[in-house]
Amino acid sequence: MATSSGSIGFRASTRATLLAAVSAASFSAGAAPALAQNEGPAIDASDEIIVSARRREESLQDVPIAVSAFSAEQLDDLGAIDLTDVEAITPNVTLETSRGTNTTLTAFIRGVGQQDPVAGFEAGVGVYIDDIYLNRPQAALLDIYDVERIEVLRGPQGTLYGRNTIGGAIKYVTRRLSDEPEAKLRLTGGNYGQIDAVGTFNLPLAVNSAVGDLLLGGSVAYLKRNGFGVNLTNGLDNYDKDILAGRLALEWAPATNFSLRITGDWTDDNSNPRQGHRILPFTAQFPVLENVFDTRAGLNTPEQSVVAKGVSGVAEWALNENFTVKNILAYREDRTESPIDFDSLPIADLDVPVIYDNSQFSEEFQVLYESDRLNGIVGFYYLDANALNVFDVVLDTTAALLSLPGVNAFTSSDVDTKTWSIFGDFTFDLTETISISAGGRYTEDERSMDLLRQRYFSAGFSPAFGGPNRPPSIIDADLDTTATFTDFSPRASVSWEPTDEHTLYASYSQGFKGGSFDPRCGANAAPDLDGDGQTGATDVDDQIAFCRFEPEEIDTYEIGWKSNLFGGRWTNNLALFYSDYKDVQVPGSIGIDADNDGIAETFAGVTTNAAEATLYGLELEGVAILAEDFARGGDSFSYQYALGYINAQFDEFIGRTGSNIADSIVVFQNTPSITAFSRLTYSTPTNFLEHQGDLSIYGSVSYRSRTNQFSYEIPALDQDQFALLNAGVYWTSSDGGLKLSLHGTNLTNQRYIVAGYDFVTSVPELGNNPLGLSGVQTAFYGDPRRFMGTIEVKF
């Protein structure tokens with residue numbers, strides 16, 4: 001249960017270690033890897049997938065959690081490029097590029113997430129890279145290279161992973177080093193001028209020496225692609241890609257019971273700004289463009305840039321056969337500068353230049369215990385993070401109508417987060433087939449915000465973006481405040497393994513998303529909330545109460561069945577869940593009409609804990625070897641499937657007038673009721689260029705039912721049901737030294753919306769008022785049809 005006395009907290013870092021190259025949770029066709037010449041099936045009952053979803057190593061089929069996992073080989077076989085490609089193959093998951101960005105991630109799992117990337121709003125799905133929690137969504141849309149595995153945990157993970165994993169967790173684990181020297185080069189070319197190059201090396205500096213084992217390794221990636229469209233105003237490619245990134249790791253094991261791993265990573269994204277496609281025409285001069293990837297956006301200040309970097313150290317010491325201690329220390333920072341042209345026109349009707357500047361320091365200490373019948377973990381976590389957002393909202397078209405030289409609303413939101421937590425989770429084997437687990441986590445968060453909102457009734461940008469240094473015309477907010485929130489998140493489960501092939505479980509888990517202050521709040525416009533006769537213009541207490549919102553919380557009940565049948569030829573996992581979602585945070589933006597002339601001069605954020613909801617559904621995943629040795633020795637047919645269903649309904653949603661609009665207006669955003677995936681793969685031993693190897697040919701289809709972009713219906717922006725067809729072929733030499741692949745994605749060239757802006761629809765119960773004069777409804781689309789070929793060589 002979450003409580004507050006005024007500030008916010010954080011989650012603990014992840015530690016999932018899926019040790020097998022094959023993933024029985026995700027059930028990619030790679031779970032039935034290509035068969036070597038004249039060998040038997042690659043999957044049998046002896047294959048055991050080891051994970052640490054409960055932060056200690058266990059068999060995947062024994063873990064009472066709905067978890068999907070994808071090895072590097074599986075992702076490569078699918079032609080996966082970045083985290084958004086995991087969406088199609090995982091049930092009840094939405095992973096997409098945030099509107100108006102290239103590398104900001106919007107993540108929803110089982111109906112829970114966060115779409116607004118502005119500082120002050122917390123993620124509903126935790127994203128981790130090598131056990132390090134990413135505090136902000138900027139630069140969190142990770143490209144897939146030099147990866148060991150990606151894991152997706154569905155449902156609240158509050159006990160073991162802390163706050164902001166209320167919907168689930170996504171874990172990106174980079175490749176571990178080995179004591180054998182190795183180098184690998186992967187080159188990819190495709191349509192739209194795609195040229196990707198990834199180089200990886202592994203260099204043992206010392207093995208079994210006086211200093212122990214000392215290993216060095218790393219990778220460099222250059223990812224380049226032309227745009228899917230063009231900006232007709234400035235000639236820049238739209239939806240292009242231009243990324244240079246690298247990772248470096250040093251691992252030292254001076255003794256068999258101690259290891260230290262130091263890693264660093266750096267990403268420089270010089271892609272052009274991703275601007276949207278207008279759905280509505282504006283005068284005869286600006287009709288709707290035929291190509292949905294084209295734009296007329298005129299804003300190009302500041303110059304688009306994303307730089308992210310981080311360093312971490314992980315030390316692990318096995319004290320004896322029962323106790324192991326582990327410490328995870330990390331620092332990360334990222335900076336994004338972006339010109340977001342909401343109206344996507346050469347006029348300044350709703351132009352938003354923005355800077356996101358984030359940094360974080362985290363420390364986690366764990367004590368793990370392992371014995372014959374009792375296994376568990378206790379730990380401590382601390383996070384100190386800062387997120388500074390600075391942006392203008394330029395409304396010069398509105399200014400002209402008001403006979404003003406210009407209108408610009410400037411916002412600076414500087415948010416500090418300090419959080420600590422203690423946690424524990426243990427499993428006890430009652431018998432050889434029945435075990436019980438219980439755990440809990442106490443978190444204390446301190447959230448501070450320094451908010452400044454100003455309006456300029458003059459042309460040009462604010463001084464922060466190169467405009468003239470001038471006093472503001474109106475101050476809408478000048479607030480410096482702090483709040484503290486506390487929470488205890490419990491978890492419990494019971495599992496039963498009647499045979500080695502079956503695991504049945506029932507679990508209860510709780511999660512919470514931290515409370516905060518709306519970073520776009522017009523604090524000075526606060527009403528008299530404390531009844532002392534003063535409004536927000538003169539009463540700071542009213543300003544704080546007006547801008548603040550409380551944590552949200554979810555309780556999830558789950559039952560599951562995991563099976564491994566017919567000697568490992570068919571693996572099937574089923575989960576049924578029911579969630580009680582309380583105090584749901586509902587962020588929104590409203591137009592501000594200061595002079596009551598019917599025209600909004602700017603907008604302000606209004607976030608409330610206005611809703612309660614019930615969510616229930618199911619998730620089914622599996623892989624089956626349908627046939628083998630049927631056409632020639634060593635060949636096989638395998639079938640992978642995933643199905644997700646969710647019924648997400650608000651039980652209560654209090655609108656601005658105090659009415660319950662749960663049954664009349666509101667809907668869940670980014671939550672299709674049905675997601676599905678199917679893939680059929682044929683594998684056979686085949687010689688190529690006098691090399692023995694395995695050839696695989698696959699075809700797949702993914703399906704998503706109707707998806708709402710916001711919490712209300714927008715027929716022009718909401719995406720109707722659609723399906724994507726992919727296919728590919730890949731050949732791998734028997735010694736693993738050479739791999740050739742060809743992939744085609746979205747072969748039917750579907751046009752589907754993944755995000756958008758709406759400042760046209762008027763929904764008084766949600767406080768939505770139109771903003772801008774051009775009719776701002778702008779859409780962003782998923783990738784068009786693409787082809788790519790890859791050659792990968794190991795040395």
# chains A, B, ... in the order shown; residues from 1 in each chain; ligands from 1
>>> residues_around(residues="Leu766 of chain A", least_positions_apart="4", cutoff="10 Å", atoms="only C-alpha atoms", output="NGL selection string")
:A and (586-590 or 606 or 653-657 or 661 or 665-666 or 711-712 or 762)
>>> write_last_selection(atoms="N, CA and C atoms", output="mmCIF file, in the first residue's frame")
data_model
loop_
_atom_site.group_PDB
_atom_site.id
_atom_site.type_symbol
_atom_site.label_atom_id
_atom_site.label_comp_id
_atom_site.auth_asym_id
_atom_site.auth_seq_id
_atom_site.Cartn_x
_atom_site.Cartn_y
_atom_site.Cartn_z
ATOM 1 N N VAL A 586 -3.935 10.059 -14.430
ATOM 2 C CA VAL A 586 -4.450 10.431 -15.748
ATOM 3 C C VAL A 586 -3.859 11.776 -16.132
ATOM 4 N N PRO A 587 -2.743 11.802 -16.869
ATOM 5 C CA PRO A 587 -2.176 13.077 -17.311
ATOM 6 C C PRO A 587 -2.937 13.615 -18.508
ATOM 7 N N GLY A 588 -3.018 14.927 -18.604
ATOM 8 C CA GLY A 588 -3.685 15.560 -19.731
ATOM 9 C C GLY A 588 -3.204 16.975 -19.919
ATOM 10 N N SER A 589 -3.542 17.565 -21.032
ATOM 11 C CA SER A 589 -3.190 18.941 -21.339
ATOM 12 C C SER A 589 -4.456 19.707 -21.694
ATOM 13 N N ILE A 590 -4.581 20.916 -21.193
ATOM 14 C CA ILE A 590 -5.739 21.742 -21.481
ATOM 15 C C ILE A 590 -5.277 23.095 -22.001
ATOM 16 N N VAL A 606 -2.686 18.949 -16.470
ATOM 17 C CA VAL A 606 -3.572 18.627 -15.358
ATOM 18 C C VAL A 606 -3.555 17.112 -15.184
ATOM 19 N N PHE A 653 -14.189 6.680 -13.332
ATOM 20 C CA PHE A 653 -13.340 7.708 -13.921
ATOM 21 C C PHE A 653 -14.065 9.035 -13.716
ATOM 22 N N ILE A 654 -13.591 9.785 -12.751
ATOM 23 C CA ILE A 654 -14.267 11.026 -12.385
ATOM 24 C C ILE A 654 -13.791 12.148 -13.305
ATOM 25 N N GLY A 655 -14.720 12.694 -14.075
ATOM 26 C CA GLY A 655 -14.399 13.761 -15.003
ATOM 27 C C GLY A 655 -14.294 15.111 -14.312
ATOM 28 N N ARG A 656 -14.024 16.145 -15.106
ATOM 29 C CA ARG A 656 -13.802 17.477 -14.553
ATOM 30 C C ARG A 656 -15.033 18.038 -13.857
ATOM 31 N N THR A 657 -16.219 17.592 -14.256
ATOM 32 C CA THR A 657 -17.439 18.096 -13.626
ATOM 33 C C THR A 657 -17.867 17.268 -12.425
ATOM 34 N N ILE A 661 -17.473 8.997 -15.731
ATOM 35 C CA ILE A 661 -17.571 8.816 -17.182
ATOM 36 C C ILE A 661 -16.951 7.490 -17.624
ATOM 37 N N ILE A 665 -17.141 7.632 -21.969
ATOM 38 C CA ILE A 665 -16.155 8.376 -22.754
ATOM 39 C C ILE A 665 -14.804 7.687 -22.795
ATOM 40 N N VAL A 666 -14.297 7.254 -21.655
ATOM 41 C CA VAL A 666 -12.886 6.888 -21.552
ATOM 42 C C VAL A 666 -12.619 5.448 -21.984
ATOM 43 N N SER A 711 -6.841 8.306 -24.005
ATOM 44 C CA SER A 711 -7.864 7.744 -23.121
ATOM 45 C C SER A 711 -9.273 8.087 -23.568
ATOM 46 N N TYR A 712 -9.432 8.524 -24.804
ATOM 47 C CA TYR A 712 -10.743 8.756 -25.391
ATOM 48 C C TYR A 712 -10.651 8.409 -26.876
ATOM 49 N N SER A 762 -12.487 18.158 -28.554
ATOM 50 C CA SER A 762 -12.926 18.807 -27.320
ATOM 51 C C SER A 762 -13.650 17.785 -26.451
#
>>> residues_around(residues="Asn320 of chain A", least_positions_apart="6", cutoff="10 Å", atoms="only C-alpha atoms", output="JSON, numbers by chain")
{"A": [257, 369, 370]}
>>> closest_residue(among="A:Ala385, A:Ala330, A:Ala506, A:Leu141", to="Ala119 of chain A", atoms="only C-alpha atoms")
A:Ala385
>>> residues_around(residues="Ser437 of chain A", least_positions_apart="6", cutoff="9 Å", atoms="only C-alpha atoms", output="ChimeraX atom specification")
/A:425-429,491-495,507
>>> residues_around(residues="segment 392-408 of chain A", least_positions_apart="6", cutoff="6 Å", atoms="only C-alpha atoms", output="PyMOL selection string")
chain A and resi 348-353+455-459
>>> residues_around(residues="Arg278 of chain A", least_positions_apart="5", cutoff="8 Å", atoms="only C-alpha atoms", output="MDAnalysis selection string")
chainID A and resid 288:289 295 343:344 776:779
>>> closest_atom_pairs(of="segment 64-152 of chain A", to="segment 612-622 of chain A", cutoff="12 Å", atoms="only C-alpha atoms", output="CSV")
residue,atom,partner,partner_atom,distance
A:Ile65,CA,A:Glu619,CA,11.7
A:Ala66,CA,A:Glu619,CA,8.3
A:Val67,CA,A:Glu621,CA,10.1
A:Ser68,CA,A:Glu621,CA,8.7
A:Ala69,CA,A:Glu621,CA,11.3
A:Ile89,CA,A:Glu621,CA,9.3
A:Thr90,CA,A:Glu621,CA,8.4
A:Pro91,CA,A:Glu619,CA,6.1
A:Asn92,CA,A:Glu619,CA,7.4
A:Val93,CA,A:Glu619,CA,10.5
A:Ile109,CA,A:Leu615,CA,11.4
A:Arg110,CA,A:Leu615,CA,7.8
A:Gly111,CA,A:Leu615,CA,7.6
A:Val112,CA,A:Leu615,CA,9.7
>>> atom_distance(atom1="atom CA of Asn670 of chain A", atom2="atom CA of Ser338 of chain A")
23.9 Å
>>> residues_around(residues="Ile554 of chain A", least_positions_apart="5", cutoff="10 Å", atoms="only C-alpha atoms", output="PyMOL selection string")
chain A and resi 1+112+155-156+158+166-167+489+509-513+579-584+612-615
>>> residues_around(residues="Asn202 of chain A", least_positions_apart="6", cutoff="7 Å", atoms="only C-alpha atoms", output="list in words")
Leu177, Ser178, Pro181, Glu182, Ala183, Leu216, Gly217 and Gly218 of chain A
>>> closest_residue(among="A:Ser696, A:Thr301, A:Asn102, A:Ser413", to="Asp268 of chain A", atoms="only C-alpha atoms")
A:Asn102
>>> closest_residue(among="A:Thr538, A:Ser705, A:Thr486, A:Thr761", to="Leu717 of chain A", atoms="only C-alpha atoms")
A:Thr761
>>> closest_residue(among="A:Val540, A:Cys547, A:Leu185, A:Ala642", to="Thr607 of chain A", atoms="only C-alpha atoms")
A:Cys547
>>> select_by_dssp(residues="segment 78-155 of chain A", states="strand (DSSP E or B)", output="number ranges by chain")
A: 82, 93-97, 105-109, 112-114, 125-129, 132-133, 143, 147-154
>>> select_by_dssp(residues="segment 346-485 of chain A", states="helix (DSSP H, G or I)", output="PyMOL selection string")
chain A and resi 396-401+463-465
>>> closest_atom_pairs(of="segment 125-145 of chain A", to="segment 79-82 of chain A", cutoff="12 Å", atoms="only C-alpha atoms", output="Markdown table")
| residue | atom | partner | partner_atom | distance |
| --- | --- | --- | --- | --- |
| A:Ala139 | CA | A:Asp82 | CA | 11.9 |
| A:Ala140 | CA | A:Asp82 | CA | 10.3 |
| A:Leu141 | CA | A:Asp82 | CA | 7.0 |
| A:Leu142 | CA | A:Asp82 | CA | 5.8 |
| A:Asp143 | CA | A:Asp82 | CA | 4.1 |
| A:Ile144 | CA | A:Asp82 | CA | 4.9 |
| A:Tyr145 | CA | A:Ile81 | CA | 8.1 |
